[in-house]
$ cat run17.pdb   # PDB, C-alpha atoms, pLDDT in the B column
ATOM      1  CA  PHE A   1      68.502  70.534  81.260  1.00 77.00           C
ATOM      2  CA  GLY A   2      71.869  68.777  81.211  1.00 90.00           C
ATOM      3  CA  GLU A   3      70.618  65.200  80.962  1.00 93.00           C
ATOM      4  CA  ASP A   4      72.857  64.281  78.029  1.00 95.00           C
ATOM      5  CA  SER A   5      75.845  65.937  79.703  1.00 96.00           C
ATOM      6  CA  LEU A   6      75.245  64.021  82.915  1.00 97.00           C
ATOM      7  CA  LEU A   7      75.104  60.743  80.991  1.00 97.00           C
ATOM      8  CA  LEU A   8      78.395  61.549  79.242  1.00 97.00           C
ATOM      9  CA  ALA A   9      80.033  62.496  82.554  1.00 98.00           C
ATOM     10  CA  ALA A  10      78.695  59.311  84.182  1.00 97.00           C
ATOM     11  CA  ALA A  11      80.355  57.378  81.348  1.00 97.00           C
ATOM     12  CA  GLY A  12      83.683  58.933  82.392  1.00 97.00           C
ATOM     13  CA  PHE A  13      83.959  61.886  80.015  1.00 96.00           C
ATOM     14  CA  THR A  14      84.875  65.419  81.075  1.00 97.00           C
ATOM     15  CA  VAL A  15      82.078  67.712  79.912  1.00 97.00           C
ATOM     16  CA  ASP A  16      82.050  71.478  79.414  1.00 97.00           C
ATOM     17  CA  LEU A  17      78.507  72.860  79.268  1.00 96.00           C
ATOM     18  CA  TYR A  18      77.972  76.252  77.654  1.00 94.00           C
ATOM     19  CA  GLU A  19      74.668  77.995  78.314  1.00 92.00           C
ATOM     20  CA  GLN A  20      74.145  81.570  77.236  1.00 89.00           C
ATOM     21  CA  ASP A  21      70.641  82.084  78.646  1.00 88.00           C
ATOM     22  CA  CYS A  22      70.926  83.201  82.275  1.00 91.00           C
ATOM     23  CA  VAL A  23      67.702  81.490  83.414  1.00 89.00           C
ATOM     24  CA  ILE A  24      68.602  78.146  81.853  1.00 88.00           C
ATOM     25  CA  ALA A  25      72.150  78.490  83.210  1.00 93.00           C
ATOM     26  CA  ALA A  26      70.746  79.093  86.712  1.00 94.00           C
ATOM     27  CA  LEU A  27      68.553  75.999  86.398  1.00 92.00           C
ATOM     28  CA  LEU A  28      71.573  73.961  85.259  1.00 94.00           C
ATOM     29  CA  LYS A  29      73.697  75.283  88.125  1.00 97.00           C
ATOM     30  CA  ASP A  30      70.994  74.390  90.631  1.00 97.00           C
ATOM     31  CA  ALA A  31      70.685  70.888  89.161  1.00 96.00           C
ATOM     32  CA  LEU A  32      74.463  70.398  89.295  1.00 97.00           C
ATOM     33  CA  ASP A  33      74.633  71.670  92.880  1.00 97.00           C
ATOM     34  CA  ARG A  34      71.878  69.279  93.955  1.00 97.00           C
ATOM     35  CA  ALA A  35      73.439  66.374  92.028  1.00 96.00           C
ATOM     36  CA  ALA A  36      76.787  67.045  93.714  1.00 97.00           C
ATOM     37  CA  ASP A  37      75.094  66.290  97.052  1.00 98.00           C
ATOM     38  CA  ASP A  38      73.992  62.859  95.819  1.00 98.00           C
ATOM     39  CA  PRO A  39      76.665  60.208  96.511  1.00 98.00           C
ATOM     40  CA  ALA A  40      75.617  58.308  93.383  1.00 97.00           C
ATOM     41  CA  LEU A  41      76.192  61.361  91.160  1.00 98.00           C
ATOM     42  CA  VAL A  42      79.079  63.220  92.798  1.00 97.00           C
ATOM     43  CA  ALA A  43      81.785  61.569  90.660  1.00 98.00           C
ATOM     44  CA  ALA A  44      79.967  62.366  87.412  1.00 98.00           C
ATOM     45  CA  VAL A  45      79.228  65.955  88.453  1.00 98.00           C
ATOM     46  CA  SER A  46      82.895  66.488  89.317  1.00 98.00           C
ATOM     47  CA  ARG A  47      83.661  65.965  85.597  1.00 98.00           C
ATOM     48  CA  MET A  48      81.182  68.658  84.514  1.00 98.00           C
ATOM     49  CA  ARG A  49      81.988  72.375  84.167  1.00 98.00           C
ATOM     50  CA  LEU A  50      79.193  74.828  83.550  1.00 98.00           C
ATOM     51  CA  HIS A  51      80.107  77.976  81.657  1.00 97.00           C
ATOM     52  CA  ALA A  52      77.063  80.047  82.629  1.00 96.00           C
ATOM     53  CA  GLY A  53      76.236  83.005  80.441  1.00 92.00           C
ATOM     54  CA  GLU A  54      78.803  81.976  77.834  1.00 92.00           C
ATOM     55  CA  ASP A  55      78.063  81.454  74.191  1.00 91.00           C
ATOM     56  CA  SER A  56      79.145  78.032  72.909  1.00 93.00           C
ATOM     57  CA  ILE A  57      80.622  79.508  69.732  1.00 95.00           C
ATOM     58  CA  ALA A  58      82.881  81.820  71.762  1.00 95.00           C
ATOM     59  CA  GLY A  59      83.728  78.944  74.113  1.00 96.00           C
ATOM     60  CA  LEU A  60      84.669  76.661  71.238  1.00 97.00           C
ATOM     61  CA  ARG A  61      86.761  79.401  69.617  1.00 97.00           C
ATOM     62  CA  HIS A  62      88.619  79.979  72.887  1.00 97.00           C
ATOM     63  CA  THR A  63      89.195  76.240  73.239  1.00 97.00           C
ATOM     64  CA  ALA A  64      90.552  76.125  69.671  1.00 98.00           C
ATOM     65  CA  GLU A  65      93.018  78.910  70.554  1.00 98.00           C
ATOM     66  CA  LEU A  66      94.234  77.014  73.632  1.00 98.00           C
ATOM     67  CA  ILE A  67      94.630  73.848  71.563  1.00 97.00           C
ATOM     68  CA  GLY A  68      96.592  75.804  68.959  1.00 96.00           C
ATOM     69  CA  GLN A  69      98.895  77.119  71.713  1.00 98.00           C
ATOM     70  CA  GLY A  70      99.438  73.610  73.068  1.00 97.00           C
ATOM     71  CA  GLU A  71      97.685  74.401  76.373  1.00 98.00           C
ATOM     72  CA  LEU A  72      94.883  71.872  75.767  1.00 96.00           C
ATOM     73  CA  THR A  73      94.503  68.709  73.786  1.00 96.00           C
ATOM     74  CA  ALA A  74      91.707  68.291  71.275  1.00 96.00           C
ATOM     75  CA  PRO A  75      88.529  66.771  72.703  1.00 96.00           C
ATOM     76  CA  ASP A  76      87.369  63.343  71.608  1.00 95.00           C
ATOM     77  CA  VAL A  77      83.912  64.661  70.772  1.00 97.00           C
ATOM     78  CA  ALA A  78      82.208  68.012  70.342  1.00 97.00           C
ATOM     79  CA  TYR A  79      78.553  67.417  71.206  1.00 97.00           C
ATOM     80  CA  LEU A  80      76.161  70.065  69.934  1.00 95.00           C
ATOM     81  CA  ASP A  81      72.625  70.282  71.250  1.00 90.00           C
ATOM     82  CA  PRO A  82      71.187  73.387  69.601  1.00 88.00           C
ATOM     83  CA  MET A  83      67.533  74.105  70.170  1.00 71.00           C
ATOM     84  CA  PHE A  84      65.374  72.163  67.754  1.00 64.00           C
ATOM     85  CA  PRO A  85      63.808  74.200  64.949  1.00 61.00           C
ATOM     86  CA  GLY A  86      60.177  75.268  65.240  1.00 51.00           C
ATOM     87  CA  ARG A  87      57.604  72.496  64.985  1.00 49.00           C
ATOM     88  CA  THR A  88      54.869  72.230  62.401  1.00 53.00           C
ATOM     89  CA  LYS A  89      52.882  69.614  64.331  1.00 53.00           C
ATOM     90  CA  SER A  90      49.928  70.773  66.384  1.00 52.00           C
ATOM     91  CA  ALA A  91      50.724  68.542  69.372  1.00 52.00           C
ATOM     92  CA  ALA A  92      52.365  70.381  72.264  1.00 55.00           C
ATOM     93  CA  VAL A  93      55.888  69.511  73.319  1.00 56.00           C
ATOM     94  CA  LYS A  94      56.536  68.019  76.763  1.00 60.00           C
ATOM     95  CA  LYS A  95      56.170  70.497  79.613  1.00 60.00           C
ATOM     96  CA  LYS A  96      59.859  70.480  80.524  1.00 55.00           C
ATOM     97  CA  PHE A  97      60.708  71.565  76.975  1.00 53.00           C
ATOM     98  CA  GLN A  98      58.019  74.264  76.791  1.00 56.00           C
ATOM     99  CA  LEU A  99      60.093  76.382  79.179  1.00 54.00           C
ATOM    100  CA  LEU A 100      63.214  75.904  77.069  1.00 51.00           C
ATOM    101  CA  HIS A 101      61.369  76.878  73.889  1.00 50.00           C
ATOM    102  CA  HIS A 102      60.070  79.995  75.619  1.00 51.00           C
ATOM    103  CA  LEU A 103      63.501  81.055  76.905  1.00 51.00           C
ATOM    104  CA  GLU A 104      65.805  80.155  74.081  1.00 54.00           C
ATOM    105  CA  GLN A 105      65.421  80.313  70.336  1.00 56.00           C
ATOM    106  CA  PRO A 106      66.913  77.849  67.845  1.00 59.00           C
ATOM    107  CA  CYS A 107      70.528  78.488  66.855  1.00 73.00           C
ATOM    108  CA  ALA A 108      70.703  81.658  64.758  1.00 73.00           C
ATOM    109  CA  ASP A 109      74.161  81.040  63.280  1.00 90.00           C
ATOM    110  CA  GLU A 110      74.296  77.344  62.508  1.00 93.00           C
ATOM    111  CA  GLU A 111      77.236  77.565  60.091  1.00 96.00           C
ATOM    112  CA  THR A 112      79.436  79.353  62.627  1.00 96.00           C
ATOM    113  CA  LEU A 113      78.520  76.826  65.336  1.00 96.00           C
ATOM    114  CA  VAL A 114      79.540  73.885  63.134  1.00 97.00           C
ATOM    115  CA  GLU A 115      82.755  75.659  62.087  1.00 97.00           C
ATOM    116  CA  ALA A 116      83.638  76.405  65.722  1.00 97.00           C
ATOM    117  CA  ALA A 117      83.050  72.768  66.704  1.00 98.00           C
ATOM    118  CA  LEU A 118      85.255  71.508  63.865  1.00 98.00           C
ATOM    119  CA  ALA A 119      87.959  74.055  64.808  1.00 97.00           C
ATOM    120  CA  VAL A 120      88.681  72.240  68.092  1.00 97.00           C
ATOM    121  CA  HIS A 121      89.744  69.208  66.000  1.00 97.00           C
ATOM    122  CA  PRO A 122      87.626  66.553  67.699  1.00 97.00           C
ATOM    123  CA  ARG A 123      87.514  62.994  66.432  1.00 97.00           C
ATOM    124  CA  LYS A 124      83.774  63.511  65.942  1.00 98.00           C
ATOM    125  CA  VAL A 125      81.169  66.221  66.097  1.00 98.00           C
ATOM    126  CA  VAL A 126      77.818  64.852  67.244  1.00 98.00           C
ATOM    127  CA  ILE A 127      74.748  67.000  66.604  1.00 97.00           C
ATOM    128  CA  LYS A 128      71.430  66.262  68.310  1.00 95.00           C
ATOM    129  CA  ARG A 129      68.468  66.865  65.987  1.00 93.00           C
ATOM    130  CA  PRO A 130      64.788  65.928  65.743  1.00 91.00           C
ATOM    131  CA  VAL A 131      64.317  62.676  63.808  1.00 93.00           C
ATOM    132  CA  LYS A 132      62.752  64.387  60.801  1.00 92.00           C
ATOM    133  CA  GLY A 133      64.432  67.759  61.320  1.00 91.00           C
ATOM    134  CA  PRO A 134      66.731  69.497  58.864  1.00 93.00           C
ATOM    135  CA  LEU A 135      70.493  69.095  58.947  1.00 95.00           C
ATOM    136  CA  LEU A 136      72.262  71.713  61.060  1.00 94.00           C
ATOM    137  CA  ALA A 137      73.716  74.299  58.667  1.00 94.00           C
ATOM    138  CA  GLY A 138      72.879  71.903  55.835  1.00 95.00           C
ATOM    139  CA  VAL A 139      76.046  69.929  56.591  1.00 96.00           C
ATOM    140  CA  LYS A 140      75.729  66.313  55.480  1.00 97.00           C
ATOM    141  CA  PRO A 141      76.834  63.995  58.283  1.00 98.00           C
ATOM    142  CA  SER A 142      79.272  61.120  57.860  1.00 98.00           C
ATOM    143  CA  TYR A 143      76.552  58.934  59.397  1.00 98.00           C
ATOM    144  CA  GLN A 144      73.399  59.189  61.488  1.00 98.00           C
ATOM    145  CA  LEU A 145      71.987  57.353  64.487  1.00 98.00           C
ATOM    146  CA  ALA A 146      68.227  57.714  64.851  1.00 97.00           C
ATOM    147  CA  GLY A 147      65.792  56.804  67.585  1.00 95.00           C
ATOM    148  CA  LYS A 148      62.063  57.472  67.872  1.00 94.00           C
ATOM    149  CA  ALA A 149      62.316  61.172  68.777  1.00 89.00           C
ATOM    150  CA  VAL A 150      65.964  62.128  68.307  1.00 93.00           C
ATOM    151  CA  ARG A 151      68.579  61.748  65.588  1.00 96.00           C
ATOM    152  CA  TYR A 152      72.317  62.162  66.053  1.00 97.00           C
ATOM    153  CA  ASP A 153      74.187  63.466  63.023  1.00 98.00           C
ATOM    154  CA  VAL A 154      77.860  62.535  63.299  1.00 98.00           C
ATOM    155  CA  LEU A 155      80.574  64.447  61.449  1.00 98.00           C
ATOM    156  CA  VAL A 156      83.927  62.700  61.239  1.00 98.00           C
ATOM    157  CA  PRO A 157      86.487  65.252  60.074  1.00 95.00           C
ATOM    158  CA  PRO A 158      89.652  64.071  58.370  1.00 90.00           C
ATOM    159  CA  ARG A 159      92.486  63.604  60.860  1.00 77.00           C
ATOM    160  CA  PRO A 160      95.557  65.825  60.338  1.00 64.00           C
TER
END

$ encode --input "run17.pdb" --output "C-alpha cells"
Amino acid sequence: FGEDSLLLAAAGFTVDLYEQDCVIAALLKDALDRAADDPALVAAVSRMRLHAGEDSIAGLRHTAELIGQGELTAPDVAYLDPMFPGRTKSAAVKKKFQLLHHLEQPCADEETLVEAALAVHPRKVVIKRPVKGPLLAGVKPSYQLAGKAVRYDVLVPPRP
C-alpha cells in the first residue's frame, strides 16, 4: 500500500511507483491524494509518481531506453517489492495483506523483472522478500539484510 515508497520519499528520494492492478492502483492514488493534503506529508508525496495500470517491467524497460538516450540518469536504487510467494503456514496473514493477496498474484516472470531492474543501471537493486522465502529468480544477492518478517536481498551490479 505504498508504505515503503512513502518512507523512501520522506528520506528525500524521488520514487516512481508502478502498479498494474487497477484496484490496488486506485487505493494507492487515494492514499497519495489524502497524504498530499497533510502538511507533514506533502513534501514526501511531491516526490512520488504513481504509474497506475502500468507493469513495472515495461516501466523499467522504458526507463532504461531513456537512460540509454541520455534523457534520464540512472537511479541510485531499483527497489522491487513483488508479491511474496504463497505461504505454507496455516496462520492467516494480516488483514491489510489479505486484500493484496486476493487481488494480485506473485510475480510470474521473476527473471525478466530482475533483468529489467538491472537494465536501468542502478547502484543497487533491493528486493523485498519474506525472511525464509526463496530468492527472486534464484539470483544470489551480494548481501542480505533481514528483520523478523522481511528480508532485503541487495544486488550490487558491477559499475561500468

$ residues_around --input "run17.pdb" --residues "Ala36 of chain A" --least-positions-apart "6" --cutoff "12 Å" --atoms "all atoms listed in the file" --output "VMD selection string"
chain A and resid 6 29 to 30 42 to 48

$ atom_distance --input "run17.pdb" --atom1 "atom CA of Ala74 of chain A" --atom2 "atom CA of Asp153 of chain A"
20.0 Å

$ closest_residue --input "run17.pdb" --among "A:Arg159, A:Lys128, A:Tyr152, A:Ile57" --to "Glu111 of chain A" --atoms "all atoms listed in the file"
A:Ile57

$ closest_residue --input "run17.pdb" --among "A:Ala78, A:Leu155, A:Ala10, A:Leu27" --to "Val120 of chain A" --atoms "all atoms listed in the file"
A:Ala78

$ residues_around --input "run17.pdb" --residues "Thr63 of chain A" --least-positions-apart "5" --cutoff "10 Å" --atoms "all atoms listed in the file" --output "list in words"
Ile57, Ala58, Gly68, Gln69, Glu71, Leu72, Thr73, Ala74, Pro75, Ala116, Ala117, Ala119 and Val120 of chain A

$ atom_distance --input "run17.pdb" --atom1 "atom CA of Ala31 of chain A" --atom2 "atom CA of Glu3 of chain A"
10.0 Å

$ atom_distance --input "run17.pdb" --atom1 "atom CA of Ala52 of chain A" --atom2 "atom CA of Val126 of chain A"
21.6 Å

$ residues_around --input "run17.pdb" --residues "segment 16-23 of chain A" --least-positions-apart "5" --cutoff "10 Å" --atoms "only C-alpha atoms" --output "PyMOL selection string"
chain A and resi 2+5+9+28-29+47-60+78-79+100+103-105

$ resolve_selection --input "run17.pdb" --expression "the PyMOL selection byres ((chain A and resi 138) around 12)" --output "list in words"
Asp109, Glu110, Glu111, Val114, Ile127, Gly133, Pro134, Leu135, Leu136, Ala137, Val139, Lys140, Pro141 and Asp153 of chain A

$ resolve_selection --input "run17.pdb" --expression "the PyMOL selection byres ((chain A and resi 157) around 10)" --output "list in words"
Leu118, His121, Pro122, Arg123, Lys124, Val125, Pro141, Ser142, Val154, Leu155, Val156, Pro158, Arg159 and Pro160 of chain A

$ axis_aligned_box --input "run17.pdb" --around "segment 46-50 of chain A" --padding-each-side "4 Å" --output "JSON"
{"center_x": 81.4, "center_y": 70.4, "center_z": 86.4, "size_x": 12.5, "size_y": 16.9, "size_z": 13.8}

$ resolve_selection --input "run17.pdb" --expression "the PyMOL selection byres ((chain A and resi 146) around 10)" --output "VMD selection string"
chain A and resid 128 to 132 144 to 145 147 to 153

$ residues_near_point --input "run17.pdb" --point "(73.0, 75.5, 68.0)" --cutoff "7 Å" --atoms "only C-alpha atoms" --output "ChimeraX atom specification"
/A:80-83,106-107,110,113

$ closest_residue --input "run17.pdb" --among "A:Leu7, A:Ile67, A:Arg61, A:Arg34" --to "Thr112 of chain A" --atoms "only C-alpha atoms"
A:Arg61

$ closest_residue --input "run17.pdb" --among "A:Gly70, A:Glu115, A:Phe1, A:Gly12" --to "Leu32 of chain A" --atoms "all atoms listed in the file"
A:Phe1

$ closest_residue --input "run17.pdb" --among "A:Val77, A:Ala26, A:Leu41, A:Ala35" --to "Thr14 of chain A" --atoms "only C-alpha atoms"
A:Val77
